[in-house]
Amino acid sequence: MLHRPKSDGREPVARALGQTFATVQHLTDLVIAWGSRKLKQMGDQPEPAMPKKGVLPLVKRSLRVTARFVGNLGDAYYEWYEKLKARRRS
């Protein structure tokens, strides 16, 4: 974190809290992006050649499909979020 000198006229406590909140938000974004990539990878794993019958294989398949959906959702969110931030900066 870069700290500006106190002479810039801003309150040091408010500045420190603002930087802390920004750091927490950044770390949260990193964790969510990492998690969505992992879910997408888990959902993209190939299914067994011979699907078995019963409840457990159905649950596994449902979880795989859900993981892929959530992973794709997270990827789409962060791709669009980055485009919006870039548009705002220009």
# chains A, B, ... in the order shown; residues from 1 in each chain; ligands from 1
call {"tool": "residues_around", "arguments": {"residues": "range 62-74 of chain A", "least_positions_apart": "2", "cutoff": "12 Å", "atoms": "only C-alpha atoms", "output": "number ranges by chain"}}
result
A: 29-47, 55-60, 76-81
call {"tool": "write_last_selection", "arguments": {"atoms": "C-alpha atoms", "output": "tab-separated table (two decimals), in the first residue's frame"}}
result
chain	number	residue	atom	x	y	z
A	29	ASP	CA	-12.40	-10.45	-5.99
A	30	LEU	CA	-9.26	-12.56	-6.37
A	31	VAL	CA	-10.67	-15.39	-4.25
A	32	ILE	CA	-14.00	-15.39	-6.10
A	33	ALA	CA	-12.29	-15.34	-9.52
A	34	TRP	CA	-10.02	-18.23	-8.45
A	35	GLY	CA	-13.01	-20.17	-7.11
A	36	SER	CA	-15.02	-19.69	-10.29
A	37	ARG	CA	-12.08	-20.96	-12.39
A	38	LYS	CA	-11.78	-24.03	-10.18
A	39	LEU	CA	-15.52	-24.72	-10.38
A	40	LYS	CA	-15.42	-24.39	-14.15
A	41	GLN	CA	-12.47	-26.83	-14.33
A	42	MET	CA	-14.31	-29.26	-12.07
A	43	GLY	CA	-17.43	-29.00	-14.22
A	44	ASP	CA	-15.44	-29.56	-17.42
A	45	GLN	CA	-14.06	-32.91	-16.27
A	46	PRO	CA	-15.22	-35.71	-18.56
A	47	GLU	CA	-18.11	-37.88	-17.48
A	55	VAL	CA	-29.09	-41.58	-7.01
A	56	LEU	CA	-25.35	-41.04	-6.41
A	57	PRO	CA	-24.37	-40.76	-10.12
A	58	LEU	CA	-27.32	-38.41	-10.66
A	59	VAL	CA	-26.17	-36.22	-7.75
A	60	LYS	CA	-22.57	-36.19	-9.06
A	76	ALA	CA	-18.57	-13.80	-17.46
A	77	TYR	CA	-19.00	-11.49	-14.48
A	78	TYR	CA	-15.31	-10.69	-14.14
A	79	GLU	CA	-14.75	-10.31	-17.90
A	80	TRP	CA	-17.58	-7.79	-18.10
A	81	TYR	CA	-16.51	-6.08	-14.87
call {"tool": "select_by_dssp", "arguments": {"residues": "chain A", "states": "alpha helix (DSSP H)", "output": "CSV table (one decimal) with N, CA and C atoms, in the first residue's frame"}}
result
chain,number,residue,atom,x,y,z
A,12,PRO,N,-5.9,11.0,8.2
A,12,PRO,CA,-5.1,9.7,8.1
A,12,PRO,C,-6.0,8.5,8.4
A,13,VAL,N,-6.9,8.6,9.4
A,13,VAL,CA,-7.7,7.4,9.8
A,13,VAL,C,-8.6,7.1,8.6
A,14,ALA,N,-9.3,8.1,8.0
A,14,ALA,CA,-10.2,7.8,6.9
A,14,ALA,C,-9.4,7.2,5.7
A,15,ARG,N,-8.3,7.7,5.5
A,15,ARG,CA,-7.4,7.2,4.4
A,15,ARG,C,-7.1,5.8,4.6
A,16,ALA,N,-6.6,5.5,5.8
A,16,ALA,CA,-6.2,4.1,6.2
A,16,ALA,C,-7.4,3.1,6.1
A,17,LEU,N,-8.6,3.6,6.5
A,17,LEU,CA,-9.8,2.7,6.4
A,17,LEU,C,-10.2,2.5,5.0
A,18,GLY,N,-10.1,3.6,4.2
A,18,GLY,CA,-10.4,3.4,2.7
A,18,GLY,C,-9.5,2.5,2.0
A,19,GLN,N,-8.2,2.6,2.4
A,19,GLN,CA,-7.2,1.6,1.8
A,19,GLN,C,-7.5,0.2,2.2
A,20,THR,N,-7.9,0.0,3.5
A,20,THR,CA,-8.1,-1.3,4.0
A,20,THR,C,-9.4,-1.9,3.3
A,21,PHE,N,-10.4,-1.1,3.2
A,21,PHE,CA,-11.6,-1.6,2.5
A,21,PHE,C,-11.3,-2.0,1.0
A,22,ALA,N,-10.5,-1.2,0.4
A,22,ALA,CA,-10.1,-1.4,-1.0
A,22,ALA,C,-9.3,-2.7,-1.1
A,23,THR,N,-8.4,-2.9,-0.2
A,23,THR,CA,-7.6,-4.2,-0.2
A,23,THR,C,-8.5,-5.4,0.1
A,24,VAL,N,-9.4,-5.3,1.0
A,24,VAL,CA,-10.3,-6.4,1.3
A,24,VAL,C,-11.2,-6.7,0.0
A,25,GLN,N,-11.7,-5.7,-0.6
A,25,GLN,CA,-12.5,-5.9,-1.8
A,25,GLN,C,-11.6,-6.6,-2.9
A,26,HIS,N,-10.4,-6.1,-3.1
A,26,HIS,CA,-9.5,-6.7,-4.1
A,26,HIS,C,-9.2,-8.2,-3.8
A,27,LEU,N,-8.9,-8.5,-2.5
A,27,LEU,CA,-8.7,-9.9,-2.1
A,27,LEU,C,-9.9,-10.8,-2.3
A,28,THR,N,-11.1,-10.2,-2.0
A,28,THR,CA,-12.3,-10.9,-2.2
A,28,THR,C,-12.5,-11.2,-3.7
A,29,ASP,N,-12.3,-10.2,-4.5
A,29,ASP,CA,-12.4,-10.4,-6.0
A,29,ASP,C,-11.5,-11.5,-6.5
A,30,LEU,N,-10.2,-11.5,-6.0
A,30,LEU,CA,-9.3,-12.6,-6.4
A,30,LEU,C,-9.7,-13.9,-6.0
A,31,VAL,N,-10.2,-14.1,-4.8
A,31,VAL,CA,-10.7,-15.4,-4.3
A,31,VAL,C,-11.9,-15.9,-5.1
A,32,ILE,N,-12.8,-15.0,-5.3
A,32,ILE,CA,-14.0,-15.4,-6.1
A,32,ILE,C,-13.6,-15.8,-7.5
A,33,ALA,N,-12.7,-15.0,-8.2
A,33,ALA,CA,-12.3,-15.3,-9.5
A,33,ALA,C,-11.6,-16.7,-9.5
A,34,TRP,N,-10.7,-16.9,-8.5
A,34,TRP,CA,-10.0,-18.2,-8.4
A,34,TRP,C,-11.0,-19.4,-8.3
A,35,GLY,N,-12.0,-19.1,-7.4
A,35,GLY,CA,-13.0,-20.2,-7.1
A,35,GLY,C,-13.9,-20.5,-8.3
A,36,SER,N,-14.2,-19.4,-9.1
A,36,SER,CA,-15.0,-19.7,-10.3
A,36,SER,C,-14.2,-20.5,-11.3
A,37,ARG,N,-12.9,-20.2,-11.5
A,37,ARG,CA,-12.1,-21.0,-12.4
A,37,ARG,C,-12.0,-22.4,-12.0
A,38,LYS,N,-11.9,-22.7,-10.7
A,38,LYS,CA,-11.8,-24.0,-10.2
A,38,LYS,C,-13.1,-24.8,-10.4
A,39,LEU,N,-14.2,-24.1,-10.2
A,39,LEU,CA,-15.5,-24.7,-10.4
A,39,LEU,C,-15.7,-25.1,-11.9
A,40,LYS,N,-15.3,-24.1,-12.7
A,40,LYS,CA,-15.4,-24.4,-14.2
A,40,LYS,C,-14.6,-25.6,-14.6
A,41,GLN,N,-13.3,-25.7,-14.0
A,41,GLN,CA,-12.5,-26.8,-14.3
A,41,GLN,C,-13.1,-28.1,-13.8
A,42,MET,N,-13.7,-28.1,-12.6
A,42,MET,CA,-14.3,-29.3,-12.1
A,42,MET,C,-15.5,-29.7,-12.9
A,43,GLY,N,-16.3,-28.7,-13.4
A,43,GLY,CA,-17.4,-29.0,-14.2
A,43,GLY,C,-17.1,-29.5,-15.6
A,55,VAL,N,-29.0,-42.9,-7.5
A,55,VAL,CA,-29.1,-41.6,-7.0
A,55,VAL,C,-27.7,-40.9,-7.0
A,56,LEU,N,-26.7,-41.6,-6.6
A,56,LEU,CA,-25.4,-41.0,-6.4
A,56,LEU,C,-24.8,-40.5,-7.7
A,57,PRO,N,-24.8,-41.3,-8.8
A,57,PRO,CA,-24.4,-40.8,-10.1
A,57,PRO,C,-25.2,-39.6,-10.6
A,58,LEU,N,-26.5,-39.6,-10.3
A,58,LEU,CA,-27.3,-38.4,-10.7
A,58,LEU,C,-26.9,-37.2,-9.9
A,59,VAL,N,-26.6,-37.3,-8.6
A,59,VAL,CA,-26.2,-36.2,-7.8
A,59,VAL,C,-24.8,-35.7,-8.2
A,60,LYS,N,-23.9,-36.6,-8.6
A,60,LYS,CA,-22.6,-36.2,-9.1
A,60,LYS,C,-22.7,-35.4,-10.4
A,61,ARG,N,-23.5,-35.9,-11.3
A,61,ARG,CA,-23.7,-35.2,-12.5
A,61,ARG,C,-24.4,-33.8,-12.3
A,62,SER,N,-25.3,-33.8,-11.4
A,62,SER,CA,-26.0,-32.5,-11.1
A,62,SER,C,-25.0,-31.5,-10.5
A,63,LEU,N,-24.1,-32.0,-9.6
A,63,LEU,CA,-23.1,-31.1,-9.1
A,63,LEU,C,-22.1,-30.6,-10.1
A,64,ARG,N,-21.7,-31.5,-11.0
A,64,ARG,CA,-20.8,-31.1,-12.1
A,64,ARG,C,-21.4,-30.1,-13.0
A,65,VAL,N,-22.7,-30.2,-13.4
A,65,VAL,CA,-23.4,-29.3,-14.2
A,65,VAL,C,-23.5,-27.9,-13.5
A,66,THR,N,-23.8,-28.0,-12.2
A,66,THR,CA,-24.0,-26.7,-11.4
A,66,THR,C,-22.6,-26.0,-11.3
A,67,ALA,N,-21.6,-26.8,-11.0
A,67,ALA,CA,-20.2,-26.2,-10.9
A,67,ALA,C,-19.8,-25.5,-12.2
A,68,ARG,N,-20.1,-26.2,-13.3
A,68,ARG,CA,-19.7,-25.6,-14.6
A,68,ARG,C,-20.5,-24.3,-14.8
A,69,PHE,N,-21.8,-24.3,-14.5
A,69,PHE,CA,-22.6,-23.1,-14.6
A,69,PHE,C,-22.1,-21.9,-13.8
A,70,VAL,N,-21.8,-22.2,-12.5
A,70,VAL,CA,-21.3,-21.2,-11.6
A,70,VAL,C,-20.0,-20.7,-12.0
A,71,GLY,N,-19.1,-21.6,-12.5
A,71,GLY,CA,-17.8,-21.2,-13.0
A,71,GLY,C,-17.9,-20.3,-14.2
A,72,ASN,N,-18.8,-20.6,-15.2
A,72,ASN,CA,-19.0,-19.8,-16.3
A,72,ASN,C,-19.6,-18.4,-15.9
A,73,LEU,N,-20.5,-18.4,-15.0
A,73,LEU,CA,-21.1,-17.2,-14.5
A,73,LEU,C,-20.0,-16.3,-13.9
A,74,GLY,N,-19.2,-16.8,-13.1
A,74,GLY,CA,-18.1,-16.1,-12.5
A,74,GLY,C,-17.1,-15.5,-13.6
A,75,ASP,N,-16.8,-16.3,-14.6
A,75,ASP,CA,-15.9,-15.8,-15.6
A,75,ASP,C,-16.6,-14.7,-16.4
A,76,ALA,N,-17.9,-14.8,-16.7
A,76,ALA,CA,-18.6,-13.8,-17.5
A,76,ALA,C,-18.7,-12.5,-16.6
A,77,TYR,N,-18.9,-12.6,-15.4
A,77,TYR,CA,-19.0,-11.5,-14.5
A,77,TYR,C,-17.7,-10.7,-14.5
A,78,TYR,N,-16.6,-11.4,-14.2
A,78,TYR,CA,-15.3,-10.7,-14.1
A,78,TYR,C,-14.8,-10.2,-15.5
A,79,GLU,N,-15.1,-10.8,-16.6
A,79,GLU,CA,-14.8,-10.3,-17.9
A,79,GLU,C,-15.5,-9.0,-18.1
A,80,TRP,N,-16.8,-9.0,-17.9
A,80,TRP,CA,-17.6,-7.8,-18.1
A,80,TRP,C,-17.2,-6.7,-17.1
A,81,TYR,N,-16.9,-7.0,-15.9
A,81,TYR,CA,-16.5,-6.1,-14.9
A,81,TYR,C,-15.2,-5.4,-15.3
A,82,GLU,N,-14.2,-6.1,-15.8
A,82,GLU,CA,-13.0,-5.5,-16.3
A,82,GLU,C,-13.2,-4.6,-17.4
A,83,LYS,N,-14.1,-5.0,-18.4
A,83,LYS,CA,-14.4,-4.1,-19.5
A,83,LYS,C,-15.1,-2.8,-19.0
A,84,LEU,N,-16.0,-2.9,-18.1
A,84,LEU,CA,-16.6,-1.7,-17.5
A,84,LEU,C,-15.6,-0.8,-16.8
A,85,LYS,N,-14.7,-1.4,-16.1
A,85,LYS,CA,-13.6,-0.6,-15.4
A,85,LYS,C,-12.7,0.1,-16.4
A,86,ALA,N,-12.4,-0.6,-17.5
A,86,ALA,CA,-11.5,-0.1,-18.5
A,86,ALA,C,-12.2,1.1,-19.3
A,87,ARG,N,-13.5,0.9,-19.5
A,87,ARG,CA,-14.3,1.9,-20.2
A,87,ARG,C,-14.4,3.2,-19.3
A,88,ARG,N,-14.5,3.0,-18.0
A,88,ARG,CA,-14.6,4.1,-17.1
A,88,ARG,C,-13.3,4.9,-17.0
A,89,ARG,N,-12.2,4.2,-17.1
A,89,ARG,CA,-10.9,4.9,-17.1
A,89,ARG,C,-10.5,5.7,-18.3
